[in-house]
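A.B. asks: Following this message is one structure expressed as structure tokens.
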Amino acid sequence: MIEKVKADELVGAHNLKKLFAQAPAPIGIYKGRELRYVFANDAFLQIFNYRDIVGKTVREAFPELEGQPFFGILENVFDTGTPFYGNETPALIDLHNNGVLVTRYYNLVYTPYRNEDGVIEGVMACGNDVTDQVEARKKERESDLRFRNIVEQSADPILILKGKDMVLDVANTALFELWNVGKEALHKPFLEILPEMNGQGFYDLLLDVYLTGTTHYGVEVPAIFKRKNGITETVYFNFVYQPYREVEGNITGVLILATTVTEQVRAKQKLEQSDLNFRNMILQAPVAMCVLRGADHVVEIANERMYELWGKAEKELLGKPIFEGLPEVKDQGFETLLNDVYINGNRFVANEHQVRAPRNGKTETIYVNFVYEPFREADNKISGIIAVATEVTEQVVARQKIEYAEESARLAIELADLGTYETDLVTDVVTASQRVSEIWGLDLRVNHRSTFTSLFHSDDIEIRAQAHKEAVISGNLNYEARINRKDGLQRWVRVKGKTLYDQGRPVRLLGVIQDITEQKISAEELSKQVEERTVELKEANESLKRSNEELEEFAYVTSHDLQEPLRKIQIFSNMLLEHQDKKEELVKYLDKVNAAAKRMSGLIKDLLEYSRLSKKIMHFDQVDLNLILDNVKIDFELLINQKQAVIKNEPLPTIQAISLQMNQLLFNLVGNALKFTRRNVPPQISIHSEKLTEERKKEFPQLNPAKDYVAIQVIDNGIGFNQEYADKIFTIFQTLNEKSTYGGYGIGLALCRKIVTTHGGIIYADVNKEGGASFTFVLPYNQE
């Protein structure tokens, strides 16, 4: 009998150990007061990265815990029999056994285990690694603080109600003003603050969001407020009631975002004289809307604007699956998007989405902003999809043209070596480019008009004054004069500008400045030698004439391209005036005006940076091309991240060069590699260099055989080009791709060739066998 009992105990112990081993929760068992591990299941070993601990004491297994409370806690459980419960207990542990201590957080339970006589034999440990939850909660607290700041700054009412009583936990100034209460309303129940809301359905709706986690959207919903003077006021809202979840995912309240639309609703009531039902709302919506029913996405209803957007008649689509009636949009990804919304209830929003759609009997590319929202029945079951869309093709094309104009202006000014400036004719404050400051020999911080004008040669002061006087009347400024710089140098400058007016009053002067000292000196020297060197003087005059013609041509192109962004700003300003009663349209057009102005400013600044390229006096320094490439990577950091690009480069040499031009060279080549990419293919860019051998130098007869050269290659996996155009792509204003798709103006690679030629080198392009392009430029290590 005794033997049977012992056998049963052994079987029971074996089964218990087997149960512990298979348990999903981490379990470890220490034996004796020395706390030696006799058992640890896989889940226990996993949280310690499978450290070898069985058979070792806890001090041997985890020496890094010395000085932390765990050894003392375990010994206390063994000595007193009192269990220990630890919640999110921090521990510094060598998790990867590499000598680096990291902080982890654990939920712990240490309980004594006893033999059949009740004597404590050891300690059993159960626990979980909750580091991710702890870190997530920390991040949530930081996110919550940022959220509260955003809420306070919002112009629309935003609030959070907590618990079943809907206690006001967070609210912004707009909410207090709407409710006509002060901050003393915080931490009070919703119906205590606004008792008149009882019976209006809002509390029931809020409670439903809190209990079910269902987001509710309200459109033009009336709420009756009882104001302090006893008068009731009906206010209409568009709102979203959204469950407010903590980091663990549990719902603790309701987040409310509301917009008052009382004026719009009352205007609509006067026009319509009755409430619109759901179908009429779609049919009369100011944007394209439709409802697609079932898994086949059958068109149940669509308004006229949606049929216009689809490019189809109602009879071609109504009552049919969308892809049966509109086969042109199949295989563009919409099937996957619609199925995800219908099956999973995931809302989808897209802006400026490119679509191939039927237009006038043929398929064209258009751009659309749209939203797919799951259509839920009363039981919250998804039965279809609501689609809302707006075609923004004109806006996208307009923006692309603005970007083209900006880029053209920037590159044009760089080529001309011009300085640009803007003068506030009311305050006499001058904003000038770096090139202007170089010509005048002044610090960029000098920004008052008198500082610049004081340097004009005394004999030319009247010339300048007369030109500015005429510019006020004609709007055009054009003159040449001398300036005496503070460093003793005298320079000739050509100044051209345009006066801008506000209600007939001149307020600003936009202008460009060119240093023509060398041309003037040449002309004077040639005049002195006219009798002795008639032929040379004639050639020089012809050269000067060509230079002036090129300048005039360039000034025309620059003026035209610079005015294109201004024209767009005027267009969008007029559109603002036409839509000033529509808040959403106002915001959209203001953003476009602001973006156009910023891009124009950026263009001018970028153009000025390249203006040094045409200077005849150039200073070569030792330039570390690794530092130049690092700066270019920083410039493109956002684009690299957006396109998930990978740039690999070998160490580059230090050469004697012009640092700014090297930056422009690599900026253009890397920028082209990031711009001309294949769809859905992350850019792969590789950059390496090698010293040209004597044999390779013989392949390039234009190189100086006495100099040492380095060849640097930039290789990408982009769209590439036809090899027969390898030389053509370096021609100015020459592009091989659609500007509407890739942008660009055909100047970037021409600048690259100009920079390389300035340094006594060459540049050429090849097509990779596996796709993409390869650009190689060869430069001398030294200029002497």
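Naming scheme: A, B, ... for chains in displayed order of the structure tokens; residues 1 onward per chain; ligands 1 onward as shown.
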I'd like a table as a tab-separated table: residues in stretch 486-510 of chain A with an atom no more than 10 Å from stretch 419-435 of chain A, each row giving the shortest atom pair and its distance in Å to one decimal, only C-alpha atoms counted, sorted by chain and rising residue number.
C.D. replies:
residue	atom	partner	partner_atom	distance
A:Val495	CA	A:Gly419	CA	9.6
A:Lys496	CA	A:Thr420	CA	9.7
A:Gly497	CA	A:Tyr421	CA	9.0
A:Lys498	CA	A:Glu422	CA	9.8
A:Thr499	CA	A:Leu425	CA	9.4
A:Leu500	CA	A:Leu425	CA	9.5
A:Arg505	CA	A:Leu425	CA	9.8
A:Pro506	CA	A:Leu425	CA	6.9
A:Val507	CA	A:Leu425	CA	5.0
A:Arg508	CA	A:Asp424	CA	4.8
A:Leu509	CA	A:Thr423	CA	5.1
A:Leu510	CA	A:Glu422	CA	4.7
A.B. asks: Restricting the output to N, CA, C and O atoms, write the selected residues as an mmCIF file, in the first residue's frame.
C.D. replies:
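Writing the result to again-v3.cif gives the following:
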data_model
loop_
_atom_site.group_PDB
_atom_site.id
_atom_site.type_symbol
_atom_site.label_atom_id
_atom_site.label_comp_id
_atom_site.auth_asym_id
_atom_site.auth_seq_id
_atom_site.Cartn_x
_atom_site.Cartn_y
_atom_site.Cartn_z
ATOM 1 N N VAL A 495 22.138 97.270 -62.777
ATOM 2 C CA VAL A 495 20.986 97.045 -61.896
ATOM 3 C C VAL A 495 19.710 97.065 -62.720
ATOM 4 O O VAL A 495 19.470 98.001 -63.485
ATOM 5 N N LYS A 496 18.917 96.003 -62.560
ATOM 6 C CA LYS A 496 17.611 95.947 -63.205
ATOM 7 C C LYS A 496 16.581 95.545 -62.164
ATOM 8 O O LYS A 496 16.881 94.766 -61.267
ATOM 9 N N GLY A 497 15.370 96.087 -62.269
ATOM 10 C CA GLY A 497 14.368 95.771 -61.257
ATOM 11 C C GLY A 497 12.949 96.056 -61.715
ATOM 12 O O GLY A 497 12.711 96.609 -62.797
ATOM 13 N N LYS A 498 12.023 95.684 -60.853
ATOM 14 C CA LYS A 498 10.590 95.856 -61.110
ATOM 15 C C LYS A 498 9.950 96.438 -59.858
ATOM 16 O O LYS A 498 10.148 95.934 -58.746
ATOM 17 N N THR A 499 9.168 97.493 -60.022
ATOM 18 C CA THR A 499 8.467 98.112 -58.896
ATOM 19 C C THR A 499 7.089 97.475 -58.740
ATOM 20 O O THR A 499 6.356 97.316 -59.713
ATOM 21 N N LEU A 500 6.754 97.123 -57.482
ATOM 22 C CA LEU A 500 5.446 96.549 -57.172
ATOM 23 C C LEU A 500 4.616 97.592 -56.428
ATOM 24 O O LEU A 500 5.131 98.332 -55.586
ATOM 25 N N ARG A 505 0.340 102.799 -55.036
ATOM 26 C CA ARG A 505 1.496 103.318 -54.280
ATOM 27 C C ARG A 505 2.647 102.314 -54.355
ATOM 28 O O ARG A 505 2.458 101.132 -54.063
ATOM 29 N N PRO A 506 3.871 102.750 -54.762
ATOM 30 C CA PRO A 506 5.002 101.815 -54.829
ATOM 31 C C PRO A 506 5.387 101.344 -53.420
ATOM 32 O O PRO A 506 5.607 102.148 -52.530
ATOM 33 N N VAL A 507 5.442 100.015 -53.244
ATOM 34 C CA VAL A 507 5.729 99.468 -51.914
ATOM 35 C C VAL A 507 6.958 98.570 -51.895
ATOM 36 O O VAL A 507 7.616 98.418 -50.863
ATOM 37 N N ARG A 508 7.284 97.949 -53.029
ATOM 38 C CA ARG A 508 8.426 97.041 -53.048
ATOM 39 C C ARG A 508 9.159 97.139 -54.373
ATOM 40 O O ARG A 508 8.561 97.460 -55.406
ATOM 41 N N LEU A 509 10.448 96.848 -54.301
ATOM 42 C CA LEU A 509 11.274 96.834 -55.501
ATOM 43 C C LEU A 509 12.022 95.503 -55.545
ATOM 44 O O LEU A 509 12.781 95.180 -54.632
ATOM 45 N N LEU A 510 11.770 94.719 -56.594
ATOM 46 C CA LEU A 510 12.472 93.455 -56.805
ATOM 47 C C LEU A 510 13.501 93.665 -57.895
ATOM 48 O O LEU A 510 13.178 94.204 -58.961
#
A.B. asks: Determine which residues of stretch 223-323 of chain A DSSP labels as strand (DSSP E or B) from the backbone of this structure, then write them out as a VMD selection string.
C.D. replies: chain A and resid 223 to 226 232 to 245 251 to 260 288 to 293 298 to 302 321
A.B. asks: Within 8 Å of A:Ala43, counting only C-alpha atoms, which residues show up once you throw out same-chain ones fewer than 4 positions away? Write them as a PyMOL selection string, please.
C.D. replies: chain A and resi 23-27+47
A.B. asks: As a PyMOL selection string, please: every residue in stretch 166-393 of chain A that DSSP puts in helix (DSSP H, G or I).
C.D. replies: chain A and resi 173-179+183-185+190-193+195-197+202-212+262-272+278-283+304-310+314-317+322-325+327-329+334-344+393
A.B. asks: With a distance cut-off of 8 Å and only C-alpha atoms, select the neighbouring residues of stretch 354-367 of chain A, excluding the residue or stretch itself and same-chain residues fewer than 2 positions from it, and output the selection as a list of chain:residue names.
C.D. replies: A:Trp310, A:Gly311, A:Lys312, A:Glu328, A:Val329, A:Gln332, A:Glu352, A:Asn369, A:Glu391, A:Val392, A:Thr393, A:Val396
A.B. asks: Within 9 Å of A:Asn344, counting only C-alpha atoms, which residues qualify if same-chain residues fewer than 4 places away don't, as a ChimeraX atom specification?
C.D. replies: /A:339-340,374,382
A.B. asks: So the first atom is atom CA of A:Ala174 and the second is atom CA of A:Arg347; what is the distance between them in Å, to one decimal place?
C.D. replies: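 Taking atom CA of A:Ala174 as the start and atom CA of A:Arg347 as the end point, the length is 27.9 Å.
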A.B. asks: For each of A:Thr57, A:Thr517, A:Asn198, A:Asn238, take the minimum atom-to-atom distance to A:Phe39, counting only C-alpha atoms, then give the residue where this is smallest.
C.D. replies: A:Thr57
A.B. asks: Find the distance between atom CA of A:Lys320 and atom CA of A:Val299 and write it in Å to one decimal.
C.D. replies: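 For atom CA of A:Lys320 relative to atom CA of A:Val299, the distance reads 5.7 Å.
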A.B. asks: Tell me, in Å to one decimal, how far atom CA of A:His216 is from atom CA of A:Pro243.
C.D. replies: 9.1 Å
